[in-house]
$ cat model00.pdb   # PDB, C-alpha atoms and all ligand atoms
ATOM      1  CA  MET A  18       0.000   0.000   0.000  1.00  0.00           C
ATOM      2  CA  THR A  19       1.403   3.355  -0.954  1.00  0.00           C
ATOM      3  CA  ALA A  20       1.361   6.354   1.331  1.00  0.00           C
ATOM      4  CA  LEU A  21      -1.193   8.036  -0.879  1.00  0.00           C
ATOM      5  CA  THR A  22      -3.590   5.118  -0.658  1.00  0.00           C
ATOM      6  CA  ALA A  23      -3.189   5.008   3.103  1.00  0.00           C
ATOM      7  CA  THR A  24      -3.925   8.709   3.364  1.00  0.00           C
ATOM      8  CA  ALA A  25      -6.938   8.409   1.097  1.00  0.00           C
ATOM      9  CA  THR A  26      -8.272   5.483   3.125  1.00  0.00           C
ATOM     10  CA  ALA A  27      -7.800   7.373   6.374  1.00  0.00           C
ATOM     11  CA  ALA A  28      -9.524  10.421   4.937  1.00  0.00           C
ATOM     12  CA  LEU A  29     -12.420   8.275   3.762  1.00  0.00           C
ATOM     13  CA  ILE A  30     -12.828   6.680   7.181  1.00  0.00           C
ATOM     14  CA  ALA A  31     -12.646  10.098   8.844  1.00  0.00           C
ATOM     15  CA  LEU A  32     -15.269  11.449   6.475  1.00  0.00           C
ATOM     16  CA  ALA A  33     -17.580   8.502   7.094  1.00  0.00           C
ATOM     17  CA  TYR A  34     -17.157   8.933  10.831  1.00  0.00           C
ATOM     18  CA  TYR A  35     -17.779  12.655  10.531  1.00  0.00           C
ATOM     19  CA  VAL A  36     -21.030  12.110   8.641  1.00  0.00           C
ATOM     20  CA  GLU A  37     -22.112   9.410  11.039  1.00  0.00           C
ATOM     21  CA  CYS A  38     -21.578  11.705  13.992  1.00  0.00           C
ATOM     22  CA  ALA A  39     -23.589  14.424  12.303  1.00  0.00           C
ATOM     23  CA  VAL A  40     -26.512  12.031  11.752  1.00  0.00           C
ATOM     24  CA  PHE A  41     -26.231  10.100  15.013  1.00  0.00           C
ATOM     25  CA  PRO A  42     -24.733  12.507  17.549  1.00  0.00           C
ATOM     26  CA  TRP A  43     -25.763  10.470  20.545  1.00  0.00           C
ATOM     27  CA  GLY A  44     -24.551   7.100  21.612  1.00  0.00           C
ATOM     28  CA  LYS A  45     -25.749   4.823  24.339  1.00  0.00           C
ATOM     29  CA  CYS A  46     -24.202   5.421  27.706  1.00  0.00           C
ATOM     30  CA  ARG A  47     -21.879   2.520  28.348  1.00  0.00           C
ATOM     31  CA  LYS A  48     -22.227   2.679  32.094  1.00  0.00           C
ATOM     32  CA  CYS A  49     -25.968   2.068  32.179  1.00  0.00           C
ATOM     33  CA  GLN A  50     -26.531   0.612  28.674  1.00  0.00           C
ATOM     34  CA  GLY A  51     -28.772   3.544  27.830  1.00  0.00           C
ATOM     35  CA  ASN A  52     -31.170   3.058  30.735  1.00  0.00           C
ATOM     36  CA  GLY A  53     -30.170   6.209  32.556  1.00  0.00           C
ATOM     37  CA  LYS A  54     -30.484   4.251  35.781  1.00  0.00           C
ATOM     38  CA  LYS A  55     -27.889   2.237  37.498  1.00  0.00           C
ATOM     39  CA  MET A  56     -28.267  -0.326  40.233  1.00  0.00           C
ATOM     40  CA  SER A  57     -26.554   0.812  43.338  1.00  0.00           C
ATOM     41  CA  PRO A  58     -24.021  -1.786  44.412  1.00  0.00           C
ATOM     42  CA  ALA A  59     -24.788  -1.452  48.102  1.00  0.00           C
ATOM     43  CA  GLY A  60     -28.321  -0.103  48.526  1.00  0.00           C
ATOM     44  CA  ARG A  61     -30.195  -2.379  46.092  1.00  0.00           C
ATOM     45  CA  HIS A  62     -32.037   0.513  44.555  1.00  0.00           C
ATOM     46  CA  TRP A  63     -31.922   2.360  41.262  1.00  0.00           C
ATOM     47  CA  ARG A  64     -30.271   5.664  40.984  1.00  0.00           C
ATOM     48  CA  ASP A  65     -29.528   8.043  38.144  1.00  0.00           C
ATOM     49  CA  CYS A  66     -26.452   7.129  36.217  1.00  0.00           C
ATOM     50  CA  ARG A  67     -23.744   9.573  37.098  1.00  0.00           C
ATOM     51  CA  ARG A  68     -22.041   9.449  33.752  1.00  0.00           C
ATOM     52  CA  CYS A  69     -25.037  10.544  31.676  1.00  0.00           C
ATOM     53  CA  LYS A  70     -27.019  12.210  34.507  1.00  0.00           C
ATOM     54  CA  GLY A  71     -29.947   9.897  33.974  1.00  0.00           C
ATOM     55  CA  THR A  72     -30.405  10.573  30.289  1.00  0.00           C
ATOM     56  CA  GLY A  73     -28.962   7.261  29.116  1.00  0.00           C
ATOM     57  CA  ARG A  74     -27.176   9.052  26.329  1.00  0.00           C
ATOM     58  CA  ARG A  75     -23.685  10.233  25.833  1.00  0.00           C
ATOM     59  CA  MET A  76     -22.301  12.654  23.334  1.00  0.00           C
ATOM     60  CA  ARG A  77     -19.979  10.987  20.919  1.00  0.00           C
ATOM     61  CA  VAL A  78     -16.417  12.163  20.645  1.00  0.00           C
ATOM     62  CA  GLY A  79     -16.904  12.909  16.971  1.00  0.00           C
ATOM     63  CA  ARG A  80     -19.808  15.185  17.781  1.00  0.00           C
ATOM     64  CA  ARG A  81     -17.574  17.272  20.036  1.00  0.00           C
ATOM     65  CA  VAL A  82     -15.089  17.642  17.218  1.00  0.00           C
ATOM     66  CA  TRP A  83     -17.953  18.562  14.947  1.00  0.00           C
ATOM     67  CA  ARG A  84     -19.151  21.282  17.327  1.00  0.00           C
ATOM     68  CA  TYR A  85     -15.627  22.528  17.809  1.00  0.00           C
ATOM     69  CA  LEU A  86     -15.073  22.856  14.075  1.00  0.00           C
ATOM     70  CA  ARG A  87     -18.415  24.550  13.563  1.00  0.00           C
ATOM     71  CA  ARG A  88     -17.743  27.075  16.310  1.00  0.00           C
ATOM     72  CA  HIS A  89     -14.437  27.953  14.768  1.00  0.00           C
ATOM     73  CA  ALA A  90     -15.936  28.250  11.314  1.00  0.00           C
ATOM     74  CA  ALA A  91     -18.616  30.599  12.648  1.00  0.00           C
ATOM     75  CA  GLY A  92     -16.078  32.743  14.457  1.00  0.00           C
ATOM     76  CA  ARG A  93     -14.233  33.497  11.316  1.00  0.00           C
TER      77      ARG A  93
HETATM   78 ZN    ZN B   1     -25.502   6.321  31.942  1.00  0.00          ZN
END

$ encode --input "model00.pdb" --output "structure tokens"
Amino acid sequence: MTALTATATAALIALAYYVECAVFPWGKCRKCQGNGKKMSPAGRHWRDCRRCKGTGRRMRVGRRVWRYLRRHAAGR
């Protein structure tokens, strides 16, 4: 594989990821599997997941990049 092909492949993957993050900005919270609730280890009761604050969703890393880029584009 030449360097050019590798670069093109990487760019293609980045572009696909970028588009995917624009369409699906939210992912399931891994801590609570998207429930938003988490079983307390000691108390045997449900409590809001700390990681997603009970929403069950998490913002994807790509979406943060997306927002960052957009903010910078708007500031120009
Ligand atoms: Zn969660």

$ closest_residue --input "model00.pdb" --among "A:Pro42, A:Arg64, A:Ala91, A:Gln50" --to "A:Met76" --atoms "only C-alpha atoms"
A:Pro42

$ residues_near_ligand --input "model00.pdb" --ligand "ligand ZN 1 (chain B)" --cutoff "8 Å" --atoms "only C-alpha atoms and all ligand atoms" --output "list in words"
Lys45, Cys46, Arg47, Lys48, Cys49, Gln50, Gly51, Asn52, Gly53, Lys54, Lys55, Asp65, Cys66, Arg67, Arg68, Cys69, Lys70, Gly71, Thr72, Gly73, Arg74 and Arg75 of chain A

$ atom_distance --input "model00.pdb" --atom1 "atom CA of A:Gly44" --atom2 "atom CA of A:Gly79"
10.7 Å

$ resolve_selection --input "model00.pdb" --expression "the PyMOL selection byres (((chain A and resi 78) around 12) and not hetatm)" --output "list of chain:residue names"
A:Tyr34, A:Tyr35, A:Glu37, A:Cys38, A:Ala39, A:Phe41, A:Pro42, A:Trp43, A:Gly44, A:Arg75, A:Met76, A:Arg77, A:Gly79, A:Arg80, A:Arg81, A:Val82, A:Trp83, A:Arg84, A:Tyr85

$ atom_distance --input "model00.pdb" --atom1 "atom CA of A:Ala90" --atom2 "atom CA of A:Ala31"
18.6 Å

$ atom_distance --input "model00.pdb" --atom1 "atom CA of A:Ala23" --atom2 "atom CA of A:Leu86"
24.1 Å

$ decode --input "model00.pdb" --residues "stretch 70-82 of chain A" --atoms "C-alpha atoms" --output "tab-separated table (two decimals), in the first residue's frame"
chain	number	residue	atom	x	y	z
A	70	LYS	CA	-27.02	12.21	34.51
A	71	GLY	CA	-29.95	9.90	33.97
A	72	THR	CA	-30.41	10.57	30.29
A	73	GLY	CA	-28.96	7.26	29.12
A	74	ARG	CA	-27.18	9.05	26.33
A	75	ARG	CA	-23.69	10.23	25.83
A	76	MET	CA	-22.30	12.65	23.33
A	77	ARG	CA	-19.98	10.99	20.92
A	78	VAL	CA	-16.42	12.16	20.64
A	79	GLY	CA	-16.90	12.91	16.97
A	80	ARG	CA	-19.81	15.19	17.78
A	81	ARG	CA	-17.57	17.27	20.04
A	82	VAL	CA	-15.09	17.64	17.22
